[in-house]
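Written out below as structure tokens is the structure these notes cover.
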Amino acid sequence: MNLTINGEQRSFEAPITVEALLGQIGLDSRKVAVERNLEIVPKSEYNGVALDDGDKLEIVHFIGGGAPDGAKPRDPAPDADTWEVAGHRFTSRLIIGTGKYKDYELNRLAAEAAGSEMITVAVRRVNLSDPDQPMLVDFLDPKKYTYLPNTAGCFTAEDAVRTLRLAREAGGWDLVKLEILGEQKTLYPMMLETLETTETLTKEGFKVMVYCSDDPIICKRLENVGAVAIMPLGAPIGSGLGIQNPINIRLIVEQSSVPVIVDAGVGTASDAAIAMELGCDGVLMNTAIAEAGDPVRMARAMKAAVEAGRHAYLAGRMAKKLYADPSSPLAGLI
């Protein structure tokens, strides 16, 4: 029989089940999700679903893999400054991505230097020609890190929903990051579709962290339809321009009862510190570390910046003044 798998025509002897197909290709059925003619095949049915001639299959996994139960973060100290999203508690406020690194080993070293506890992973087709290629899970232990499946590269609500349904089937995750992009040049989010999709996914039991514009009104609506975290952009994805609209970010922080995480646009450590000084619960970045001249050192710098910015926010900055105010008293001056 002829099957189309991840866009490629392949021939197999009939009859064949999904489980047998995966075995012939050389894939571990525990680490992938299968979509047959736009319908997800539950893992429990792989051995019982017989394929028909002409079926179209999508077989995906995480770039970097993952584990069904997610990470088991270390218990924080009783007095630790932690934050929580959808029942998951973290000490680190720096989330990093897993793209653009030279190799997985460098990604591992950067993650360790950053002190991150959560990393984003994309859902992609498996490589049928080399199913044994290394995966990030071999370098970043999913028992140590919380894997956050995202919809990076999705330009339609349909693709985003399909991606996250496959992610849940592949690894059992319900904590996910949603992004629906408008066009290639700016990678700005399409907010109407993002709002509607957040509501749809929430009703399906997903806990949705949402990449969005820095519009306080739309951010509040996202929270109202169920978003568990608001992730306004600081600047376009991968631009490194830093926080372009700190006033809006501060307004979003003040009005939100869920975590606010600046997502996209950070270029260097001072940008991360500014985000935290505005009161954000965390910062998510990828390119700023992955494309730095020394990614490991930059990861270390970002960790320090996030911590410094958080301390500055909690301490409360001095008031800004129009005129000078001497540090030393003038009384008794010689």
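Each chain in the structure tokens gets a letter, A, B and so on, in the order shown; residues start at 1 in every chain, and ligands are counted from 1 in the order they appear.
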If you run DSSP on the backbone, which residues of stretch 102-303 of chain A are strand (DSSP E), as a PyMOL selection string?
chain A and resi 118-125+146-150+175-178+207-212+229-232+261-263+282-285
Every residue of stretch 104-318 of chain A that DSSP places in alpha helix (DSSP H), as a PyMOL selection string:
chain A and resi 104-114+157-171+191-203+216-224+246-255+269-277+287-290+295-315
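The coordinates place atom CA of A:Asn37 at 16.0 Å from atom CA of A:Ile16.
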Neighbours of stretch 116-123 of chain A within 6 Å (only C-alpha atoms; same-chain residues fewer than 6 positions away dropped), as number ranges by chain?
A: 61-63, 92, 94-97, 145-150
Residues from the last selection, N, CA, C and O atoms, saved as an mmCIF file, in the first residue's frame:
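Written out: again37.cif:
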```cif
data_model
loop_
_atom_site.group_PDB
_atom_site.id
_atom_site.type_symbol
_atom_site.label_atom_id
_atom_site.label_comp_id
_atom_site.auth_asym_id
_atom_site.auth_seq_id
_atom_site.Cartn_x
_atom_site.Cartn_y
_atom_site.Cartn_z
ATOM 1 N N HIS A 61 7.513 14.808 16.860
ATOM 2 C CA HIS A 61 8.106 14.707 18.181
ATOM 3 C C HIS A 61 8.552 16.100 18.570
ATOM 4 O O HIS A 61 8.421 17.051 17.813
ATOM 5 N N PHE A 62 9.079 16.210 19.773
ATOM 6 C CA PHE A 62 9.595 17.499 20.206
ATOM 7 C C PHE A 62 11.039 17.632 19.756
ATOM 8 O O PHE A 62 11.805 16.669 19.815
ATOM 9 N N ILE A 63 11.399 18.813 19.283
ATOM 10 C CA ILE A 63 12.808 19.082 19.052
ATOM 11 C C ILE A 63 13.441 19.149 20.428
ATOM 12 O O ILE A 63 13.325 20.145 21.135
ATOM 13 N N SER A 92 13.832 29.848 39.404
ATOM 14 C CA SER A 92 14.424 30.634 38.323
ATOM 15 C C SER A 92 13.334 31.386 37.566
ATOM 16 O O SER A 92 12.279 30.828 37.244
ATOM 17 N N LEU A 94 14.171 32.907 34.660
ATOM 18 C CA LEU A 94 14.718 32.993 33.301
ATOM 19 C C LEU A 94 14.369 31.726 32.540
ATOM 20 O O LEU A 94 14.803 30.626 32.886
ATOM 21 N N ILE A 95 13.547 31.869 31.497
ATOM 22 C CA ILE A 95 13.153 30.758 30.628
ATOM 23 C C ILE A 95 13.929 30.905 29.322
ATOM 24 O O ILE A 95 14.007 32.004 28.768
ATOM 25 N N ILE A 96 14.510 29.812 28.835
ATOM 26 C CA ILE A 96 15.252 29.904 27.578
ATOM 27 C C ILE A 96 14.690 28.944 26.544
ATOM 28 O O ILE A 96 14.024 27.956 26.875
ATOM 29 N N GLY A 97 14.990 29.242 25.282
ATOM 30 C CA GLY A 97 14.576 28.388 24.185
ATOM 31 C C GLY A 97 15.645 27.366 23.832
ATOM 32 O O GLY A 97 16.730 27.335 24.427
ATOM 33 N N TYR A 145 14.382 19.721 33.906
ATOM 34 C CA TYR A 145 13.775 20.890 33.265
ATOM 35 C C TYR A 145 12.316 20.622 32.928
ATOM 36 O O TYR A 145 11.954 19.518 32.528
ATOM 37 N N THR A 146 11.485 21.646 33.067
ATOM 38 C CA THR A 146 10.113 21.572 32.587
ATOM 39 C C THR A 146 10.104 21.932 31.110
ATOM 40 O O THR A 146 10.524 23.025 30.728
ATOM 41 N N TYR A 147 9.645 21.012 30.289
ATOM 42 C CA TYR A 147 9.559 21.256 28.852
ATOM 43 C C TYR A 147 8.244 21.953 28.543
ATOM 44 O O TYR A 147 7.176 21.502 28.947
ATOM 45 N N LEU A 148 8.325 23.061 27.816
ATOM 46 C CA LEU A 148 7.157 23.849 27.470
ATOM 47 C C LEU A 148 6.943 23.777 25.954
ATOM 48 O O LEU A 148 7.579 24.519 25.193
ATOM 49 N N PRO A 149 6.072 22.885 25.473
ATOM 50 C CA PRO A 149 5.802 22.809 24.031
ATOM 51 C C PRO A 149 5.204 24.116 23.535
ATOM 52 O O PRO A 149 4.329 24.694 24.188
ATOM 53 N N ASN A 150 5.673 24.579 22.384
ATOM 54 C CA ASN A 150 5.119 25.815 21.842
ATOM 55 C C ASN A 150 4.709 25.632 20.387
ATOM 56 O O ASN A 150 4.949 24.593 19.780
#
```
Which residues are close to A:Gly234, i.e. within 10 Å by only C-alpha atoms, leaving aside same-chain residues fewer than 3 positions away? Reply as a PyMOL selection string.
chain A and resi 212-214+231+237+239-246+248-249+261-266+271-272+275+283
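Between atom CA of A:Asp138 and atom CA of A:Arg124 the separation is 17.1 Å.
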Set the distance at 8 Å and use only C-alpha atoms: which residues neighbour A:Thr287 once local chain neighbours fewer than 4 positions away are removed? I'd like the list as a VMD selection string.
chain A and resid 99 to 100 238 240 267 291 to 292
Exercise: stretch 168-176 of chain A partners within 10 Å, only C-alpha atoms, chain neighbours under 2 positions left out, as a short mmCIF file (atom, residue, chain, number, x, y, z; two decimals) with all heavy atoms, in the first residue's frame:
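File produced: around21.cif:
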```
data_model
loop_
_atom_site.label_atom_id
_atom_site.label_comp_id
_atom_site.auth_asym_id
_atom_site.auth_seq_id
_atom_site.Cartn_x
_atom_site.Cartn_y
_atom_site.Cartn_z
N SER A 29 7.48 4.33 19.69
CA SER A 29 6.11 4.82 19.73
C SER A 29 5.83 5.66 20.97
O SER A 29 4.89 6.46 20.99
CB SER A 29 5.13 3.64 19.69
OG SER A 29 5.32 2.78 20.80
N ARG A 30 6.64 5.53 22.01
CA ARG A 30 6.44 6.31 23.23
C ARG A 30 6.86 7.75 23.07
O ARG A 30 6.48 8.61 23.88
CB ARG A 30 7.22 5.68 24.38
CG ARG A 30 6.79 4.26 24.75
CD ARG A 30 7.76 3.64 25.73
NE ARG A 30 9.11 3.54 25.13
CZ ARG A 30 10.17 3.09 25.79
NH1 ARG A 30 10.06 2.73 27.06
NH2 ARG A 30 11.35 3.02 25.19
N LYS A 31 7.66 8.04 22.04
CA LYS A 31 8.25 9.37 21.91
C LYS A 31 7.66 10.19 20.77
O LYS A 31 8.16 11.27 20.47
CB LYS A 31 9.76 9.24 21.71
CG LYS A 31 10.49 8.62 22.90
CD LYS A 31 11.98 8.56 22.66
CE LYS A 31 12.71 7.97 23.86
NZ LYS A 31 14.18 7.91 23.64
N VAL A 32 6.62 9.69 20.12
CA VAL A 32 6.05 10.41 18.99
C VAL A 32 4.53 10.49 19.12
O VAL A 32 3.92 9.79 19.93
CB VAL A 32 6.40 9.72 17.64
CG1 VAL A 32 7.91 9.68 17.44
CG2 VAL A 32 5.81 8.32 17.57
N ALA A 33 3.95 11.35 18.30
CA ALA A 33 2.50 11.41 18.15
C ALA A 33 2.18 11.23 16.68
O ALA A 33 2.95 11.65 15.81
CB ALA A 33 1.97 12.75 18.66
N VAL A 34 1.04 10.60 16.42
CA VAL A 34 0.66 10.27 15.04
C VAL A 34 -0.70 10.87 14.72
O VAL A 34 -1.65 10.73 15.50
CB VAL A 34 0.62 8.74 14.82
CG1 VAL A 34 0.18 8.42 13.39
CG2 VAL A 34 1.97 8.11 15.13
N GLU A 35 -0.76 11.54 13.59
CA GLU A 35 -2.01 12.07 13.08
C GLU A 35 -2.32 11.34 11.78
O GLU A 35 -1.48 11.27 10.88
CB GLU A 35 -1.89 13.58 12.85
CG GLU A 35 -3.17 14.24 12.37
CD GLU A 35 -2.95 15.70 12.03
OE1 GLU A 35 -2.32 15.97 10.98
OE2 GLU A 35 -3.39 16.56 12.80
N ILE A 40 -5.96 12.67 15.28
CA ILE A 40 -4.92 12.11 16.14
C ILE A 40 -5.25 10.67 16.49
O ILE A 40 -6.40 10.36 16.84
CB ILE A 40 -4.75 12.94 17.42
CG1 ILE A 40 -4.15 14.32 17.07
CG2 ILE A 40 -3.86 12.23 18.44
CD1 ILE A 40 -4.03 15.25 18.25
N VAL A 41 -4.26 9.81 16.41
CA VAL A 41 -4.41 8.41 16.81
C VAL A 41 -3.92 8.28 18.24
O VAL A 41 -2.73 8.50 18.51
CB VAL A 41 -3.61 7.47 15.89
CG1 VAL A 41 -3.82 6.02 16.32
CG2 VAL A 41 -4.01 7.66 14.43
N PRO A 42 -4.78 7.94 19.20
CA PRO A 42 -4.33 7.78 20.58
C PRO A 42 -3.26 6.69 20.69
O PRO A 42 -3.32 5.68 19.99
CB PRO A 42 -5.60 7.37 21.33
CG PRO A 42 -6.73 7.88 20.47
CD PRO A 42 -6.23 7.75 19.06
N LYS A 43 -2.29 6.89 21.56
CA LYS A 43 -1.21 5.92 21.72
C LYS A 43 -1.75 4.53 22.05
O LYS A 43 -1.21 3.52 21.63
CB LYS A 43 -0.24 6.38 22.79
CG LYS A 43 0.64 7.55 22.39
CD LYS A 43 1.59 7.91 23.53
CE LYS A 43 2.48 9.08 23.14
NZ LYS A 43 3.41 8.74 22.05
N ILE A 59 3.84 12.35 11.63
CA ILE A 59 4.48 11.77 12.80
C ILE A 59 5.43 12.83 13.34
O ILE A 59 6.37 13.25 12.66
CB ILE A 59 5.26 10.49 12.45
CG1 ILE A 59 4.33 9.48 11.76
CG2 ILE A 59 5.85 9.87 13.71
CD1 ILE A 59 5.04 8.22 11.27
N VAL A 60 5.16 13.28 14.57
CA VAL A 60 5.93 14.40 15.12
C VAL A 60 6.53 14.02 16.46
O VAL A 60 6.13 13.05 17.11
CB VAL A 60 5.05 15.65 15.29
CG1 VAL A 60 4.41 16.05 13.98
CG2 VAL A 60 3.99 15.43 16.36
N HIS A 61 7.51 14.81 16.86
CA HIS A 61 8.11 14.71 18.18
C HIS A 61 8.55 16.10 18.57
O HIS A 61 8.42 17.05 17.81
CB HIS A 61 9.29 13.72 18.19
CG HIS A 61 10.49 14.20 17.42
ND1 HIS A 61 11.77 14.06 17.84
CD2 HIS A 61 10.57 14.88 16.22
CE1 HIS A 61 12.61 14.58 16.97
NE2 HIS A 61 11.90 15.07 15.98
N PHE A 62 9.08 16.21 19.77
CA PHE A 62 9.59 17.50 20.21
C PHE A 62 11.04 17.63 19.76
O PHE A 62 11.81 16.67 19.82
CB PHE A 62 9.55 17.63 21.74
CG PHE A 62 8.15 17.62 22.26
CD1 PHE A 62 7.66 16.52 22.94
CD2 PHE A 62 7.32 18.70 22.07
CE1 PHE A 62 6.37 16.50 23.42
CE2 PHE A 62 6.03 18.70 22.54
CZ PHE A 62 5.55 17.60 23.23
N GLY A 65 12.66 16.46 22.52
CA GLY A 65 11.96 15.41 23.23
C GLY A 65 11.25 15.90 24.48
O GLY A 65 10.75 17.01 24.52
N GLY A 66 11.20 15.05 25.50
CA GLY A 66 10.51 15.40 26.72
C GLY A 66 10.14 14.16 27.49
O GLY A 66 10.53 13.07 27.15
N ALA A 67 9.37 14.33 28.55
CA ALA A 67 8.93 13.20 29.37
C ALA A 67 7.49 13.42 29.77
O ALA A 67 7.07 14.54 30.02
CB ALA A 67 9.82 13.09 30.61
N PRO A 68 6.68 12.35 29.82
CA PRO A 68 5.25 12.50 30.08
C PRO A 68 4.93 13.23 31.36
O PRO A 68 3.96 13.98 31.44
CB PRO A 68 4.77 11.04 30.14
CG PRO A 68 5.74 10.29 29.30
CD PRO A 68 7.05 10.97 29.51
N ASP A 69 5.73 13.05 32.41
CA ASP A 69 5.42 13.67 33.68
C ASP A 69 6.07 15.04 33.85
O ASP A 69 5.94 15.67 34.89
CB ASP A 69 5.87 12.76 34.83
CG ASP A 69 5.09 11.46 34.83
OD1 ASP A 69 3.91 11.49 34.44
OD2 ASP A 69 5.67 10.42 35.20
N GLY A 70 6.82 15.49 32.84
CA GLY A 70 7.49 16.77 32.94
C GLY A 70 8.61 16.73 33.96
O GLY A 70 9.00 15.69 34.47
N VAL A 85 3.03 29.04 38.02
CA VAL A 85 2.13 29.09 36.87
C VAL A 85 1.43 27.75 36.75
O VAL A 85 2.08 26.70 36.70
CB VAL A 85 2.89 29.45 35.56
CG1 VAL A 85 4.01 28.47 35.25
CG2 VAL A 85 1.91 29.54 34.38
N ALA A 86 0.11 27.79 36.76
CA ALA A 86 -0.71 26.58 36.58
C ALA A 86 -0.28 25.45 37.51
O ALA A 86 -0.23 24.29 37.10
CB ALA A 86 -0.67 26.13 35.13
N GLY A 87 0.03 25.78 38.76
CA GLY A 87 0.39 24.76 39.72
C GLY A 87 1.84 24.34 39.71
O GLY A 87 2.26 23.54 40.55
N HIS A 88 2.65 24.86 38.80
CA HIS A 88 4.07 24.57 38.72
C HIS A 88 4.83 25.71 39.40
O HIS A 88 4.65 26.87 39.04
CB HIS A 88 4.54 24.44 37.27
CG HIS A 88 3.87 23.32 36.51
ND1 HIS A 88 4.48 22.12 36.27
CD2 HIS A 88 2.63 23.23 35.96
CE1 HIS A 88 3.67 21.34 35.59
NE2 HIS A 88 2.52 21.99 35.39
N THR A 120 11.62 26.06 26.39
CA THR A 120 10.62 25.86 25.35
C THR A 120 11.13 24.87 24.32
O THR A 120 12.32 24.84 24.00
CB THR A 120 10.27 27.18 24.65
OG1 THR A 120 11.44 27.73 24.02
CG2 THR A 120 9.71 28.20 25.64
N VAL A 121 10.21 24.07 23.79
CA VAL A 121 10.55 23.10 22.74
C VAL A 121 9.50 23.16 21.65
O VAL A 121 8.32 23.35 21.92
CB VAL A 121 10.66 21.66 23.30
CG1 VAL A 121 11.85 21.51 24.22
CG2 VAL A 121 9.38 21.25 24.01
N VAL A 123 7.44 21.52 18.29
CA VAL A 123 6.93 20.24 17.80
C VAL A 123 7.18 20.19 16.30
O VAL A 123 6.73 21.06 15.56
CB VAL A 123 5.43 20.10 18.10
CG1 VAL A 123 4.90 18.76 17.59
CG2 VAL A 123 5.17 20.24 19.59
N THR A 146 11.49 21.65 33.07
CA THR A 146 10.11 21.57 32.59
C THR A 146 10.10 21.93 31.11
O THR A 146 10.52 23.02 30.73
CB THR A 146 9.20 22.54 33.37
OG1 THR A 146 9.12 22.11 34.72
CG2 THR A 146 7.81 22.58 32.76
N TYR A 147 9.64 21.01 30.29
CA TYR A 147 9.56 21.26 28.85
C TYR A 147 8.24 21.95 28.54
O TYR A 147 7.18 21.50 28.95
CB TYR A 147 9.64 19.93 28.09
CG TYR A 147 11.04 19.40 27.93
CD1 TYR A 147 11.77 18.96 29.03
CD2 TYR A 147 11.62 19.33 26.67
CE1 TYR A 147 13.05 18.47 28.89
CE2 TYR A 147 12.90 18.83 26.52
CZ TYR A 147 13.62 18.40 27.62
OH TYR A 147 14.89 17.92 27.47
N LEU A 148 8.32 23.06 27.82
CA LEU A 148 7.16 23.85 27.47
C LEU A 148 6.94 23.78 25.95
O LEU A 148 7.58 24.52 25.19
CB LEU A 148 7.35 25.31 27.90
CG LEU A 148 6.17 26.26 27.65
CD1 LEU A 148 4.98 25.89 28.53
CD2 LEU A 148 6.59 27.71 27.90
N PRO A 149 6.07 22.88 25.47
CA PRO A 149 5.80 22.81 24.03
C PRO A 149 5.20 24.12 23.54
O PRO A 149 4.33 24.69 24.19
CB PRO A 149 4.79 21.66 23.92
CG PRO A 149 4.94 20.88 25.17
CD PRO A 149 5.31 21.88 26.23
N ASN A 150 5.67 24.58 22.38
CA ASN A 150 5.12 25.82 21.84
C ASN A 150 4.71 25.63 20.39
O ASN A 150 4.95 24.59 19.78
CB ASN A 150 6.09 26.99 22.01
CG ASN A 150 7.36 26.83 21.18
OD1 ASN A 150 7.41 26.07 20.21
ND2 ASN A 150 8.40 27.56 21.56
N THR A 151 4.07 26.65 19.85
CA THR A 151 3.59 26.60 18.47
C THR A 151 4.43 27.50 17.57
O THR A 151 3.91 28.14 16.66
CB THR A 151 2.10 26.99 18.38
OG1 THR A 151 1.94 28.31 18.92
CG2 THR A 151 1.25 26.02 19.18
N THR A 163 -0.98 21.43 16.40
CA THR A 163 0.36 21.24 16.98
C THR A 163 0.26 20.91 18.47
O THR A 163 0.93 19.98 18.95
CB THR A 163 1.20 22.51 16.78
OG1 THR A 163 1.42 22.71 15.38
CG2 THR A 163 2.55 22.38 17.48
N LEU A 164 -0.56 21.63 19.20
CA LEU A 164 -0.63 21.41 20.64
C LEU A 164 -1.40 20.13 20.98
O LEU A 164 -1.10 19.47 21.99
CB LEU A 164 -1.25 22.62 21.33
CG LEU A 164 -0.36 23.87 21.26
CD1 LEU A 164 -1.04 25.05 21.96
CD2 LEU A 164 1.00 23.62 21.87
N ARG A 165 -2.36 19.77 20.18
CA ARG A 165 -3.03 18.48 20.40
C ARG A 165 -2.03 17.33 20.18
O ARG A 165 -2.02 16.36 20.94
CB ARG A 165 -4.22 18.33 19.45
CG ARG A 165 -5.41 19.20 19.84
CD ARG A 165 -6.49 19.17 18.78
NE ARG A 165 -7.67 19.96 19.16
CZ ARG A 165 -8.62 20.31 18.31
NH1 ARG A 165 -8.55 19.96 17.03
NH2 ARG A 165 -9.66 21.03 18.73
N LEU A 166 -1.20 17.45 19.16
CA LEU A 166 -0.16 16.45 18.93
C LEU A 166 0.85 16.45 20.07
O LEU A 166 1.33 15.39 20.50
CB LEU A 166 0.54 16.70 17.60
CG LEU A 166 -0.24 16.27 16.35
CD1 LEU A 166 0.37 16.88 15.10
CD2 LEU A 166 -0.25 14.75 16.24
N LEU A 178 1.35 29.24 23.49
CA LEU A 178 0.66 29.51 22.22
C LEU A 178 1.21 30.75 21.57
O LEU A 178 1.33 31.80 22.21
CB LEU A 178 -0.84 29.69 22.48
CG LEU A 178 -1.69 30.15 21.29
CD1 LEU A 178 -1.74 29.07 20.21
CD2 LEU A 178 -3.09 30.53 21.74
N GLU A 179 1.55 30.64 20.29
CA GLU A 179 1.84 31.82 19.49
C GLU A 179 1.31 31.58 18.09
O GLU A 179 1.52 30.53 17.49
CB GLU A 179 3.34 32.15 19.45
CG GLU A 179 4.25 31.06 18.93
CD GLU A 179 5.72 31.47 18.98
OE1 GLU A 179 6.27 31.58 20.09
OE2 GLU A 179 6.29 31.67 17.90
N LEU A 201 -8.48 26.29 23.49
CA LEU A 201 -7.55 25.36 24.12
C LEU A 201 -7.83 25.23 25.62
O LEU A 201 -7.72 24.14 26.19
CB LEU A 201 -6.11 25.83 23.90
CG LEU A 201 -5.60 25.74 22.46
CD1 LEU A 201 -4.27 26.47 22.32
CD2 LEU A 201 -5.44 24.27 22.04
N THR A 202 -8.21 26.32 26.26
CA THR A 202 -8.54 26.28 27.68
C THR A 202 -9.72 25.35 27.93
O THR A 202 -9.72 24.57 28.89
CB THR A 202 -8.84 27.69 28.21
OG1 THR A 202 -7.68 28.52 28.05
CG2 THR A 202 -9.23 27.66 29.67
N GLU A 204 -10.42 22.83 26.27
CA GLU A 204 -9.97 21.46 26.05
C GLU A 204 -9.04 20.97 27.16
O GLU A 204 -8.51 19.86 27.09
CB GLU A 204 -9.26 21.35 24.70
CG GLU A 204 -10.18 21.52 23.51
CD GLU A 204 -9.48 21.25 22.19
OE1 GLU A 204 -8.37 20.66 22.19
OE2 GLU A 204 -10.04 21.61 21.14
N GLY A 205 -8.83 21.80 28.16
CA GLY A 205 -8.01 21.38 29.29
C GLY A 205 -6.56 21.80 29.24
O GLY A 205 -5.79 21.45 30.14
N PHE A 206 -6.18 22.55 28.23
CA PHE A 206 -4.81 23.05 28.17
C PHE A 206 -4.64 24.22 29.15
O PHE A 206 -5.57 24.98 29.41
CB PHE A 206 -4.47 23.54 26.77
CG PHE A 206 -4.26 22.45 25.75
CD1 PHE A 206 -5.30 22.05 24.92
CD2 PHE A 206 -3.03 21.82 25.64
CE1 PHE A 206 -5.12 21.04 23.98
CE2 PHE A 206 -2.84 20.81 24.71
CZ PHE A 206 -3.88 20.42 23.88
N LYS A 207 -3.42 24.35 29.65
CA LYS A 207 -3.04 25.51 30.46
C LYS A 207 -2.14 26.36 29.57
O LYS A 207 -0.99 26.00 29.30
CB LYS A 207 -2.34 25.06 31.74
CG LYS A 207 -3.22 24.20 32.64
CD LYS A 207 -2.47 23.70 33.84
CE LYS A 207 -3.38 22.91 34.78
NZ LYS A 207 -3.87 21.67 34.15
N VAL A 208 -2.66 27.49 29.12
CA VAL A 208 -2.06 28.21 27.99
C VAL A 208 -1.30 29.45 28.45
O VAL A 208 -1.87 30.38 29.03
CB VAL A 208 -3.14 28.62 26.97
CG1 VAL A 208 -2.48 29.16 25.71
CG2 VAL A 208 -4.05 27.44 26.63
N MET A 209 -0.01 29.45 28.17
CA MET A 209 0.83 30.64 28.31
C MET A 209 0.86 31.28 26.93
O MET A 209 1.13 30.60 25.93
CB MET A 209 2.22 30.26 28.78
CG MET A 209 2.22 29.54 30.13
SD MET A 209 3.83 28.86 30.63
CE MET A 209 4.79 30.36 30.89
N VAL A 210 0.57 32.58 26.83
CA VAL A 210 0.28 33.19 25.53
C VAL A 210 1.26 34.29 25.14
O VAL A 210 1.38 35.31 25.84
CB VAL A 210 -1.15 33.77 25.50
CG1 VAL A 210 -1.52 34.19 24.09
CG2 VAL A 210 -2.16 32.77 26.04
N VAL A 228 -3.05 31.26 31.45
CA VAL A 228 -2.41 31.10 32.77
C VAL A 228 -1.17 31.97 32.89
O VAL A 228 -0.62 32.10 33.98
CB VAL A 228 -2.06 29.63 33.05
CG1 VAL A 228 -3.31 28.76 33.04
CG2 VAL A 228 -1.02 29.10 32.05
#
```
At a cut-off of 10 Å, using only C-alpha atoms, what residues contact A:Ala301? Leave out same-chain residues fewer than 3 positions from it and give the result as JSON, numbers by chain.
{"A": [113, 114, 268, 269, 270, 272, 289, 295, 296, 297, 298, 304, 305, 306, 307]}
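For the residues A:Thr17, A:Thr194, A:Asn127, A:Thr98, ranking by smallest atom-to-atom distance to A:Ala157 using only C-alpha atoms places A:Thr194 first.
Across the model, the gap from atom CA of A:Glu39 to atom CA of A:Asn6 is 14.2 Å.
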From the set A:Ala227, A:Ile180, A:Ile274, A:Arg36, which residue has the shortest atom-to-atom contact distance to A:Ser257, counting only C-alpha atoms?
A:Ala227
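Take the candidates A:Ala299, A:Arg10, A:Val126, A:Trp83 and check each one against A:Leu106 using only C-alpha atoms; the shortest distance goes to A:Ala299.
The residue that comes closest to A:Tyr188, out of A:Arg108, A:Ala160, A:Lys220, A:Ala152 and on the basis of only C-alpha atoms, is A:Ala152.
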